[in-house]
file protein.txt (compact mmCIF, C-alpha atoms)
# COMPACT_ATOMS: atom_id res chain seq x y z
CA MET H 344 64.42 30.92 -36.70
CA THR H 345 62.92 28.04 -38.70
CA SER H 346 65.48 25.60 -37.34
CA ASN H 347 64.82 26.63 -33.73
CA TRP H 348 61.05 26.22 -34.18
CA TYR H 349 61.53 22.70 -35.47
CA TYR H 350 63.70 21.67 -32.51
CA ARG H 351 61.21 23.13 -30.05
CA VAL H 352 58.30 21.14 -31.50
CA LEU H 353 60.45 18.00 -31.53
CA ALA H 354 61.40 18.52 -27.88
CA LEU H 355 57.75 18.96 -26.88
CA PHE H 356 56.77 15.81 -28.75
CA LEU H 357 59.54 13.77 -27.09
CA ALA H 358 58.47 15.12 -23.68
CA LEU H 359 54.87 14.03 -24.26
CA VAL H 360 55.98 10.59 -25.42
CA SER H 361 58.20 10.19 -22.38
CA TRP H 362 55.36 11.29 -20.07
CA TYR H 363 52.99 8.81 -21.67
CA LEU H 364 55.49 5.97 -21.40
CA VAL H 365 56.12 6.70 -17.73
CA ILE H 366 52.49 7.12 -16.83
CA GLY H 367 51.36 4.30 -19.10
CA ARG H 368 53.70 1.84 -17.45
CA GLU H 369 52.46 2.77 -13.97
CA LYS H 370 49.81 0.20 -13.08
CA VAL H 371 47.06 0.84 -10.55
CA ASP H 372 44.16 -1.23 -9.17
CA THR H 373 40.62 0.07 -8.81
CA TRP H 374 37.18 -1.38 -8.10
CA VAL H 375 34.44 -0.76 -10.65
CA GLN H 376 30.78 -1.75 -10.68
CA VAL H 377 29.51 -3.76 -13.62
CA LYS H 378 25.77 -4.05 -14.30
CA ILE H 379 24.27 -7.49 -14.84
CA GLU H 380 21.84 -8.01 -17.71
CA ILE H 381 20.17 -11.35 -18.38
CA SER H 382 19.34 -12.32 -21.96
CA GLY H 383 18.14 -15.35 -23.84
CA LEU H 384 15.79 -16.76 -21.20
CA GLY H 385 13.55 -19.38 -22.76
CA ASP H 386 9.84 -18.90 -23.39
CA GLY H 387 7.64 -19.84 -20.48
CA LEU H 388 10.41 -19.21 -17.93
CA MET H 389 11.09 -16.30 -15.60
CA ILE H 390 13.73 -15.26 -13.10
CA ARG H 391 12.49 -15.68 -9.52
CA GLY H 392 15.67 -14.64 -7.74
CA ALA H 393 19.19 -13.54 -8.68
CA ALA H 394 22.39 -12.89 -6.77
CA GLY H 395 22.19 -9.15 -7.42
CA ASP H 396 22.11 -6.43 -10.05
CA THR H 397 25.83 -5.65 -10.18
CA LEU H 398 29.30 -7.18 -9.97
CA ASP H 399 32.23 -5.61 -8.14
CA VAL H 400 35.30 -6.02 -10.36
CA LEU H 401 38.89 -5.22 -9.37
CA VAL H 402 40.62 -3.86 -12.47
CA ARG H 403 44.36 -3.32 -12.98
CA GLY H 404 45.60 -1.09 -15.74
CA PRO H 405 47.51 2.05 -16.76
CA LYS H 406 46.90 4.82 -14.29
CA GLY H 407 45.80 7.34 -16.89
CA LEU H 408 43.36 4.93 -18.55
CA VAL H 409 41.89 3.43 -15.38
CA ARG H 410 40.66 6.86 -14.37
CA LYS H 411 38.69 7.10 -17.62
CA ILE H 412 36.53 4.04 -16.93
CA GLU H 413 33.02 5.44 -16.58
CA PRO H 414 31.18 4.31 -13.42
CA GLY H 415 28.15 2.25 -14.38
CA GLY H 416 29.20 2.14 -18.01
CA LEU H 417 30.13 -1.55 -18.03
CA VAL H 418 27.56 -4.31 -18.56
CA TYR H 419 28.01 -8.04 -18.06
CA THR H 420 25.56 -10.07 -20.18
CA LEU H 421 24.43 -13.25 -18.49
CA ASP H 422 23.54 -15.85 -21.11
CA ALA H 423 20.34 -17.58 -19.89
CA ARG H 424 19.65 -19.71 -22.96
CA LYS H 425 20.53 -22.93 -21.14
CA PHE H 426 18.71 -22.09 -17.91
CA ALA H 427 16.20 -24.65 -16.62
CA PRO H 428 13.62 -24.45 -13.80
CA GLY H 429 15.42 -24.55 -10.46
CA MET H 430 18.71 -23.06 -9.29
CA ASN H 431 21.22 -22.26 -12.03
CA THR H 432 24.83 -21.46 -11.13
CA VAL H 433 27.04 -19.41 -13.45
CA VAL H 434 30.79 -18.84 -13.00
CA VAL H 435 31.72 -15.32 -14.08
CA GLU H 436 34.87 -15.55 -16.18
CA PRO H 437 37.24 -12.54 -16.31
CA GLY H 438 37.09 -12.60 -20.09
CA ALA H 439 33.34 -11.95 -19.97
CA ILE H 440 33.88 -8.52 -18.44
CA PRO H 441 33.72 -6.05 -21.38
CA LEU H 442 37.13 -4.35 -20.93
CA SER H 443 39.98 -3.53 -23.28
CA LYS H 444 43.01 -5.83 -23.38
CA LEU H 445 44.94 -2.98 -21.78
CA PHE H 446 43.23 -3.92 -18.50
CA GLU H 447 43.51 -7.00 -16.32
CA VAL H 448 40.59 -8.33 -14.28
CA VAL H 449 42.14 -9.22 -10.93
CA GLU H 450 39.06 -10.22 -8.93
CA ILE H 451 35.28 -10.51 -9.34
CA ARG H 452 32.77 -10.39 -6.50
CA PRO H 453 30.73 -12.51 -6.56
CA SER H 454 32.52 -14.85 -8.91
CA ARG H 455 29.53 -17.23 -9.01
CA LEU H 456 25.92 -16.23 -9.63
CA ASP H 457 23.02 -18.35 -8.40
CA VAL H 458 19.89 -17.64 -10.41
CA ALA H 459 16.53 -19.16 -9.49
CA VAL H 460 14.32 -19.88 -12.49
CA GLU H 461 10.64 -20.85 -12.48
CA ARG H 462 8.05 -21.69 -15.06
CA ARG H 463 5.60 -18.91 -15.88
CA LEU H 464 2.02 -19.81 -14.99
CA THR H 465 -1.23 -18.09 -15.99
CA LYS H 466 -4.64 -18.77 -14.46
CA ALA H 467 -7.96 -17.07 -13.70
CA VAL H 468 -8.50 -15.94 -10.11
CA PRO H 469 -11.59 -14.35 -8.49
CA VAL H 470 -11.37 -10.80 -7.15
CA ARG H 471 -12.26 -10.01 -3.53
CA LEU H 472 -13.39 -6.62 -2.23
CA ALA H 473 -11.75 -5.22 0.90
CA PHE H 474 -12.72 -2.25 3.04
CA ARG H 475 -10.82 0.05 5.38
CA ASP H 476 -11.32 0.31 9.14
CA ALA H 477 -13.15 -3.02 9.39
CA VAL H 478 -16.32 -1.44 7.98
CA GLY H 479 -17.51 -4.87 6.96
CA ARG H 480 -18.75 -5.53 10.49
CA ASP H 481 -20.46 -2.12 10.77
CA PHE H 482 -22.32 -2.11 7.43
CA ARG H 483 -24.58 -4.36 5.46
CA ILE H 484 -22.91 -4.42 2.10
CA GLN H 485 -24.08 -5.60 -1.29
CA ALA H 486 -21.33 -5.39 -3.87
CA SER H 487 -20.46 -6.50 -7.35
CA ILE H 488 -17.15 -6.46 -9.20
CA GLU H 489 -16.56 -6.10 -12.92
CA PRO H 490 -14.91 -8.29 -14.03
CA PRO H 491 -15.43 -10.77 -11.17
CA GLN H 492 -12.15 -12.52 -11.97
CA VAL H 493 -8.83 -11.61 -13.59
CA SER H 494 -6.05 -13.48 -15.34
CA VAL H 495 -2.84 -13.54 -13.29
CA THR H 496 0.62 -14.44 -14.59
CA GLY H 497 3.79 -15.00 -12.61
CA PRO H 498 6.14 -17.56 -11.04
CA GLU H 499 4.51 -20.96 -10.83
CA THR H 500 4.96 -21.35 -7.05
CA LEU H 501 3.27 -18.01 -6.37
CA VAL H 502 0.42 -18.23 -8.86
CA ARG H 503 -0.44 -21.81 -7.94
CA GLU H 504 -1.14 -20.74 -4.34
CA LEU H 505 -3.35 -17.77 -5.29
CA ARG H 506 -7.00 -18.46 -4.51
CA GLU H 507 -8.21 -14.86 -4.83
CA VAL H 508 -6.86 -11.38 -5.45
CA PRO H 509 -7.94 -8.57 -3.09
CA VAL H 510 -8.38 -4.99 -4.16
CA GLN H 511 -6.82 -2.07 -2.34
CA PRO H 512 -9.16 -1.45 0.63
CA LEU H 513 -12.06 0.89 -0.19
CA ALA H 514 -13.27 3.61 2.18
CA LEU H 515 -17.00 4.14 2.59
CA PRO H 516 -18.43 7.64 3.12
CA GLU H 517 -19.62 8.61 6.59
CA ASP H 518 -23.26 8.47 5.44
CA ALA H 519 -25.47 5.87 7.10
CA SER H 520 -26.38 4.46 3.70
CA GLY H 521 -25.66 5.02 0.05
CA LYS H 522 -23.85 3.62 -2.96
CA ILE H 523 -20.49 4.11 -4.62
CA ASP H 524 -18.92 3.19 -7.94
CA ALA H 525 -15.14 3.10 -7.88
CA LEU H 526 -12.15 1.81 -9.80
CA ALA H 527 -9.99 -0.33 -7.54
CA ASN H 528 -6.39 -1.45 -7.97
CA LEU H 529 -5.50 -5.06 -7.34
CA VAL H 530 -3.07 -6.06 -4.58
CA LEU H 531 -0.63 -8.52 -6.15
CA PRO H 532 2.51 -10.31 -4.94
CA ASP H 533 5.84 -9.22 -6.41
CA GLN H 534 6.49 -10.51 -9.93
CA VAL H 535 2.80 -11.32 -10.44
CA GLU H 536 0.85 -9.40 -13.05
CA ALA H 537 -2.87 -9.29 -13.73
CA SER H 538 -5.05 -8.48 -16.68
CA PRO H 539 -6.84 -6.19 -16.20
CA ARG H 540 -4.89 -4.34 -13.49
CA MET H 541 -8.01 -2.55 -12.17
CA VAL H 542 -11.62 -3.58 -11.59
CA LYS H 543 -14.83 -1.61 -11.19
CA ALA H 544 -16.62 -2.00 -7.86
CA HIS H 545 -20.29 -1.17 -7.30
CA VAL H 546 -21.15 -1.05 -3.59
CA GLU H 547 -24.46 -0.42 -1.83
CA TYR H 548 -24.11 -0.04 1.92
CA GLN H 549 -26.26 0.56 4.97
CA LEU H 550 -25.05 1.04 8.50
CA ASN H 551 -25.87 -1.87 10.79
CA MET H 552 -28.36 -1.01 13.54
CA ARG H 553 -28.70 -2.72 16.90
CA GLU H 554 -31.37 -2.47 19.56
CA ALA H 555 -30.52 -0.84 22.88
CA ALA H 556 -32.46 0.11 26.01
CA VAL H 557 -31.81 2.70 28.68
CA GLU H 558 -33.62 4.05 31.72
CA ALA H 559 -33.57 7.83 31.33
CA PRO H 560 -34.43 10.38 34.04
CA LEU H 561 -37.54 12.41 33.18
CA ARG H 562 -36.64 16.08 32.98
CA LEU H 563 -39.20 18.84 33.76
CA VAL H 564 -39.45 22.00 31.70
CA TYR H 565 -41.62 24.50 33.61
CA GLN H 566 -41.65 28.30 33.66
CA GLY H 567 -44.51 28.79 36.12
CA LYS H 568 -44.38 29.97 39.76
CA GLY H 569 -45.72 26.85 41.39
CA THR H 570 -44.09 23.61 42.42
CA VAL H 571 -44.12 20.76 39.92
CA ALA H 572 -43.30 17.06 40.29
CA VAL H 573 -43.56 14.16 37.86
CA VAL H 574 -44.42 10.53 38.48
CA PRO H 575 -42.57 8.36 37.60
CA ASP H 576 -39.33 10.32 37.54
CA SER H 577 -37.72 8.04 34.90
CA VAL H 578 -38.82 6.17 31.79
CA MET H 579 -37.56 3.13 29.89
CA ILE H 580 -36.56 3.83 26.27
CA ARG H 581 -35.91 1.20 23.59
CA PHE H 582 -34.35 2.32 20.34
CA LYS H 583 -32.22 1.27 17.40
CA ALA H 584 -28.77 2.81 17.01
CA PRO H 585 -25.81 2.46 14.64
CA VAL H 586 -23.39 -0.14 15.97
CA THR H 587 -20.56 2.38 15.75
CA LEU H 588 -22.40 4.71 18.15
CA LEU H 589 -23.15 1.94 20.63
CA ARG H 590 -19.55 0.79 20.56
CA GLU H 591 -18.28 4.26 21.47
CA GLY H 592 -20.49 4.40 24.61
CA ALA H 593 -21.01 8.18 24.56
CA TRP H 594 -24.64 7.76 23.45
CA ARG H 595 -25.95 7.48 27.03
CA GLY H 596 -25.52 11.18 27.66
CA LEU H 597 -27.37 12.00 24.42
CA VAL H 598 -30.66 10.23 25.26
CA ASP H 599 -33.10 12.75 26.75
CA ALA H 600 -36.70 12.48 28.00
CA PHE H 601 -38.57 15.57 29.18
CA VAL H 602 -42.04 16.93 30.01
CA ASP H 603 -42.88 20.43 28.91
CA VAL H 604 -45.40 21.81 31.45
CA ASP H 605 -47.30 24.95 30.49
CA ALA H 606 -46.88 27.77 33.00
CA LYS H 607 -50.69 28.23 33.03
CA THR H 608 -51.39 24.64 34.04
CA PRO H 609 -53.77 24.74 37.05
CA PRO H 610 -52.87 23.01 40.31
CA GLY H 611 -53.66 19.36 40.50
CA ARG H 612 -52.70 16.04 38.94
CA HIS H 613 -52.51 15.90 35.16
CA GLU H 614 -51.82 12.99 32.80
CA THR H 615 -49.56 14.02 29.95
CA THR H 616 -47.18 12.71 27.32
CA TYR H 617 -43.46 13.39 27.19
CA ARG H 618 -40.90 13.79 24.46
CA VAL H 619 -37.79 11.77 23.73
CA THR H 620 -34.71 12.93 21.81
CA LEU H 621 -32.11 10.47 20.57
CA PRO H 622 -28.64 10.81 18.99
CA GLN H 623 -28.57 11.38 15.25
CA GLY H 624 -29.19 8.22 13.25
CA CYS H 625 -31.18 6.47 16.01
CA GLU H 626 -34.78 5.24 15.74
CA LEU H 627 -37.20 5.13 18.68
CA ILE H 628 -38.88 1.75 19.18
CA GLN H 629 -40.80 2.26 22.39
CA ALA H 630 -40.95 4.50 25.45
CA ARG H 631 -42.63 3.20 28.63
CA PRO H 632 -44.89 4.30 30.19
CA ASP H 633 -46.87 6.01 27.45
CA LYS H 634 -47.96 8.82 29.80
CA VAL H 635 -46.80 10.27 33.10
CA SER H 636 -48.48 12.22 35.88
CA VAL H 637 -47.57 15.83 36.54
CA LEU H 638 -48.39 17.23 40.02
CA VAL H 639 -48.75 21.01 40.14
CA LYS H 640 -49.01 22.77 43.50
call {"tool": "encode", "arguments": {"input": "protein.txt", "output": "C-alpha cells"}}
result
Amino acid sequence: MTSNWYYRVLALFLALVSWYLVIGREKVDTWVQVKIEISGLGDGLMIRGAAGDTLDVLVRGPKGLVRKIEPGGLVYTLDARKFAPGMNTVVVEPGAIPLSKLFEVVEIRPSRLDVAVERRLTKAVPVRLAFRDAVGRDFRIQASIEPPQVSVTGPETLVRELREVPVQPLALPEDASGKIDALANLVLPDQVEASPRMVKAHVEYQLNMREAAVEAPLRLVYQGKGTVAVVPDSVMIRFKAPVTLLREGAWRGLVDAFVDVDAKTPPGRHETTYRVTLPQGCELIQARPDKVSVLVK
C-alpha cells in the first residue's frame, strides 16, 4: 500500500510538471494598457500638454502567465528631470516597461511621447462680477468684491494673457431693488489656479426705470338709470416703468383710466377727476387733462 501511494504521488507530480512545460512553452501575444506617470519635473515648470495618460503595449509571454497580468496594474514612469520649456520628445524603450524577463515587449503605441512644458507664472489679477440674463442692462448696480484681486498661478502663456478673472454669473432676486451678499466661485482656464478660490460679493441693485406715455381710453363706471358721456373720451398718461416691463410690451393692456360716476348725480354737466391704475412697479408722472366733463342725461 505504501509503495503504491508513493508511485501515485510521483505520477501526479510528473503530470503537473509536464503540463507546466507544455503550457509554459506556448507563447501568446496580448495588448495591455500601461499608465503614464511623470516624475522629477523641475521647480517652476509645469506640463501644458502630453501625448496621453496611457501606453498600449503588445506583450508576448507564456500563455498561463500572460493571463495573470492585471489590467491597469502597470505604470511607466516618465523621467522629466531634463525637461525644458517647449516641446520635449521621449522615446519609450521596451526595457522601461515594468515587466518580468519572462515577457517580451513586442510593440509600444505610441513609441514616442511629445510633452509640452511651460514655465509656471504667478501674478495678481482683478476680479470682475458677472450677472445672469444680462441683468446689467436692466439694473443700476453698485457692487464691491472682497478681495478685489486674486493671485493666479498657471502656464506662462495662459496667465500672461489674463487681464481679469470673472466670477460665476450671479442671479439677482426678482425684487425691484435690494441687496445681496454672496460667495462667488471664480471662472478659471484649465490648469490655472487662484488664491483664494472664492470671493465675497456685496451687491446693491435697483431696477432701471424708463419714461413712457400712452393715450388711454377713459372708461365710465356708472350704476344709475340715466345716460352718461364723458368729454374727452381719452387721456394722455405719462409714467415711469421698469425697462423689463416696457420691453415685453404687454403693459399697454394694463394701463387703465376711469371715471366713477355716482348713481345719484343729477342731470347736467359736471367737472370731475378720474383715476389711473398702472402695472405693478410703475410710477405715475402726469395725467392730462387734470379733469374731465361728465354729461348726465
call {"tool": "residues_near_point", "arguments": {"input": "protein.txt", "point": "(41.2, 6.8, -18.7)", "cutoff": "12 Å", "atoms": "all atoms listed in the file", "output": "list in words"}}
result
Ile366, Gly367, Val371, Thr373, Gly404, Pro405, Lys406, Gly407, Leu408, Val409, Arg410, Lys411, Ile412, Glu413, Pro414, Ser443, Leu445 and Phe446 of chain H
call {"tool": "atom_distance", "arguments": {"input": "protein.txt", "atom1": "CA of Lys522 in chain H", "atom2": "CA of Phe582 in chain H"}}
result
25.6 Å
call {"tool": "closest_atom_pairs", "arguments": {"input": "protein.txt", "of": "range 431-527 of chain H", "to": "range 543-564 of chain H", "cutoff": "9 Å", "atoms": "only C-alpha atoms", "output": "tab-separated table"}}
result
residue	atom	partner	partner_atom	distance
H:Leu472	CA	H:Ala544	CA	8.0
H:Arg480	CA	H:Asn551	CA	8.0
H:Asp481	CA	H:Asn551	CA	5.4
H:Phe482	CA	H:Leu550	CA	4.3
H:Arg483	CA	H:Gln549	CA	5.2
H:Ile484	CA	H:Tyr548	CA	4.5
H:Gln485	CA	H:Glu547	CA	5.2
H:Ala486	CA	H:Val546	CA	4.4
H:Ser487	CA	H:His545	CA	5.3
H:Ile488	CA	H:Ala544	CA	4.7
H:Glu489	CA	H:Lys543	CA	5.1
H:Pro490	CA	H:Lys543	CA	7.3
H:Leu515	CA	H:Tyr548	CA	8.3
H:Asp518	CA	H:Leu550	CA	8.2
H:Ala519	CA	H:Leu550	CA	5.0
H:Ser520	CA	H:Gln549	CA	4.1
H:Gly521	CA	H:Tyr548	CA	5.6
H:Lys522	CA	H:Glu547	CA	4.2
H:Ile523	CA	H:Val546	CA	5.3
H:Asp524	CA	H:His545	CA	4.6
H:Ala525	CA	H:Ala544	CA	5.3
H:Leu526	CA	H:Lys543	CA	4.6
H:Ala527	CA	H:Lys543	CA	6.2
call {"tool": "write_last_selection", "arguments": {"input": "protein.txt", "atoms": "C-alpha atoms", "output": "PDB file, in the coordinates of the input"}}
result
ATOM      1  CA  LEU H 472     -13.390  -6.620  -2.230  1.00  0.00           C
ATOM      2  CA  ARG H 480     -18.750  -5.530  10.490  1.00  0.00           C
ATOM      3  CA  ASP H 481     -20.460  -2.120  10.770  1.00  0.00           C
ATOM      4  CA  PHE H 482     -22.320  -2.110   7.430  1.00  0.00           C
ATOM      5  CA  ARG H 483     -24.580  -4.360   5.460  1.00  0.00           C
ATOM      6  CA  ILE H 484     -22.910  -4.420   2.100  1.00  0.00           C
ATOM      7  CA  GLN H 485     -24.080  -5.600  -1.290  1.00  0.00           C
ATOM      8  CA  ALA H 486     -21.330  -5.390  -3.870  1.00  0.00           C
ATOM      9  CA  SER H 487     -20.460  -6.500  -7.350  1.00  0.00           C
ATOM     10  CA  ILE H 488     -17.150  -6.460  -9.200  1.00  0.00           C
ATOM     11  CA  GLU H 489     -16.560  -6.100 -12.920  1.00  0.00           C
ATOM     12  CA  PRO H 490     -14.910  -8.290 -14.030  1.00  0.00           C
ATOM     13  CA  LEU H 515     -17.000   4.140   2.590  1.00  0.00           C
ATOM     14  CA  ASP H 518     -23.260   8.470   5.440  1.00  0.00           C
ATOM     15  CA  ALA H 519     -25.470   5.870   7.100  1.00  0.00           C
ATOM     16  CA  SER H 520     -26.380   4.460   3.700  1.00  0.00           C
ATOM     17  CA  GLY H 521     -25.660   5.020   0.050  1.00  0.00           C
ATOM     18  CA  LYS H 522     -23.850   3.620  -2.960  1.00  0.00           C
ATOM     19  CA  ILE H 523     -20.490   4.110  -4.620  1.00  0.00           C
ATOM     20  CA  ASP H 524     -18.920   3.190  -7.940  1.00  0.00           C
ATOM     21  CA  ALA H 525     -15.140   3.100  -7.880  1.00  0.00           C
ATOM     22  CA  LEU H 526     -12.150   1.810  -9.800  1.00  0.00           C
ATOM     23  CA  ALA H 527      -9.990  -0.330  -7.540  1.00  0.00           C
TER      24      ALA H 527
END
call {"tool": "residues_around", "arguments": {"input": "protein.txt", "residues": "Gly611 in chain H", "least_positions_apart": "3", "cutoff": "12 Å", "atoms": "all atoms listed in the file", "output": "PyMOL selection string"}}
result
chain H and resi 569-573+607-608+614+636-640
call {"tool": "atom_distance", "arguments": {"input": "protein.txt", "atom1": "CA of Leu442 in chain H", "atom2": "CA of Ile379 in chain H"}}
result
14.6 Å
call {"tool": "atom_distance", "arguments": {"input": "protein.txt", "atom1": "CA of Tyr565 in chain H", "atom2": "CA of Gln623 in chain H"}}
result
26.1 Å
call {"tool": "closest_atom_pairs", "arguments": {"input": "protein.txt", "of": "range 525-617 of chain H", "to": "range 508-514 of chain H", "cutoff": "9 Å", "atoms": "all atoms listed in the file", "output": "Markdown table"}}
result
| residue | atom | partner | partner_atom | distance |
| --- | --- | --- | --- | --- |
| H:Ala525 | CA | H:Leu513 | CA | 8.6 |
| H:Ala527 | CA | H:Val510 | CA | 6.0 |
| H:Asn528 | CA | H:Val510 | CA | 5.6 |
| H:Leu529 | CA | H:Val510 | CA | 4.3 |
| H:Val530 | CA | H:Val510 | CA | 5.4 |
| H:Leu531 | CA | H:Val508 | CA | 6.9 |
| H:Met541 | CA | H:Val510 | CA | 8.4 |
| H:Val542 | CA | H:Val510 | CA | 8.2 |
call {"tool": "residues_around", "arguments": {"input": "protein.txt", "residues": "range 384-393 of chain H", "least_positions_apart": "6", "cutoff": "9 Å", "atoms": "only C-alpha atoms", "output": "list of chain:residue names"}}
result
H:Asp422, H:Ala423, H:Arg424, H:Lys425, H:Phe426, H:Ala427, H:Pro428, H:Leu456, H:Asp457, H:Val458, H:Ala459, H:Val460, H:Glu461, H:Arg462, H:Arg463, H:Leu464, H:Gly497, H:Pro498, H:Gln534
call {"tool": "residues_around", "arguments": {"input": "protein.txt", "residues": "Ala439 in chain H", "least_positions_apart": "2", "cutoff": "12 Å", "atoms": "all atoms listed in the file", "output": "PyMOL selection string"}}
result
chain H and resi 377+379+398+400+417-422+433-437+441-444+447-448+451+454
call {"tool": "residues_near_point", "arguments": {"input": "protein.txt", "point": "(-43.4, 6.1, 27.2)", "cutoff": "12 Å", "atoms": "all atoms listed in the file", "output": "PDB file with C-alpha atoms, in the coordinates of the input"}}
result
ATOM      1  CA  GLU H 558     -33.620   4.050  31.720  1.00  0.00           C
ATOM      2  CA  ALA H 559     -33.570   7.830  31.330  1.00  0.00           C
ATOM      3  CA  LEU H 561     -37.540  12.410  33.180  1.00  0.00           C
ATOM      4  CA  PRO H 575     -42.570   8.360  37.600  1.00  0.00           C
ATOM      5  CA  ASP H 576     -39.330  10.320  37.540  1.00  0.00           C
ATOM      6  CA  SER H 577     -37.720   8.040  34.900  1.00  0.00           C
ATOM      7  CA  VAL H 578     -38.820   6.170  31.790  1.00  0.00           C
ATOM      8  CA  MET H 579     -37.560   3.130  29.890  1.00  0.00           C
ATOM      9  CA  ILE H 580     -36.560   3.830  26.270  1.00  0.00           C
ATOM     10  CA  ARG H 581     -35.910   1.200  23.590  1.00  0.00           C
ATOM     11  CA  PHE H 582     -34.350   2.320  20.340  1.00  0.00           C
ATOM     12  CA  ALA H 600     -36.700  12.480  28.000  1.00  0.00           C
ATOM     13  CA  PHE H 601     -38.570  15.570  29.180  1.00  0.00           C
ATOM     14  CA  VAL H 602     -42.040  16.930  30.010  1.00  0.00           C
ATOM     15  CA  THR H 615     -49.560  14.020  29.950  1.00  0.00           C
ATOM     16  CA  THR H 616     -47.180  12.710  27.320  1.00  0.00           C
ATOM     17  CA  TYR H 617     -43.460  13.390  27.190  1.00  0.00           C
ATOM     18  CA  ARG H 618     -40.900  13.790  24.460  1.00  0.00           C
ATOM     19  CA  VAL H 619     -37.790  11.770  23.730  1.00  0.00           C
ATOM     20  CA  LEU H 627     -37.200   5.130  18.680  1.00  0.00           C
ATOM     21  CA  ILE H 628     -38.880   1.750  19.180  1.00  0.00           C
ATOM     22  CA  GLN H 629     -40.800   2.260  22.390  1.00  0.00           C
ATOM     23  CA  ALA H 630     -40.950   4.500  25.450  1.00  0.00           C
ATOM     24  CA  ARG H 631     -42.630   3.200  28.630  1.00  0.00           C
ATOM     25  CA  PRO H 632     -44.890   4.300  30.190  1.00  0.00           C
ATOM     26  CA  ASP H 633     -46.870   6.010  27.450  1.00  0.00           C
ATOM     27  CA  LYS H 634     -47.960   8.820  29.800  1.00  0.00           C
ATOM     28  CA  VAL H 635     -46.800  10.270  33.100  1.00  0.00           C
ATOM     29  CA  SER H 636     -48.480  12.220  35.880  1.00  0.00           C
TER      30      SER H 636
END
call {"tool": "closest_residue", "arguments": {"input": "protein.txt", "among": "H:Asp396, H:Ala467, H:Ser538, H:Leu597", "to": "Glu380 in chain H", "atoms": "only C-alpha atoms"}}
result
H:Asp396
call {"tool": "closest_residue", "arguments": {"input": "protein.txt", "among": "H:Arg590, H:Lys568, H:Arg455, H:Arg595", "to": "Pro610 in chain H", "atoms": "all atoms listed in the file"}}
result
H:Lys568
call {"tool": "closest_residue", "arguments": {"input": "protein.txt", "among": "H:Thr432, H:Thr587, H:Thr465, H:Ser382", "to": "Thr496 in chain H", "atoms": "only C-alpha atoms"}}
result
H:Thr465
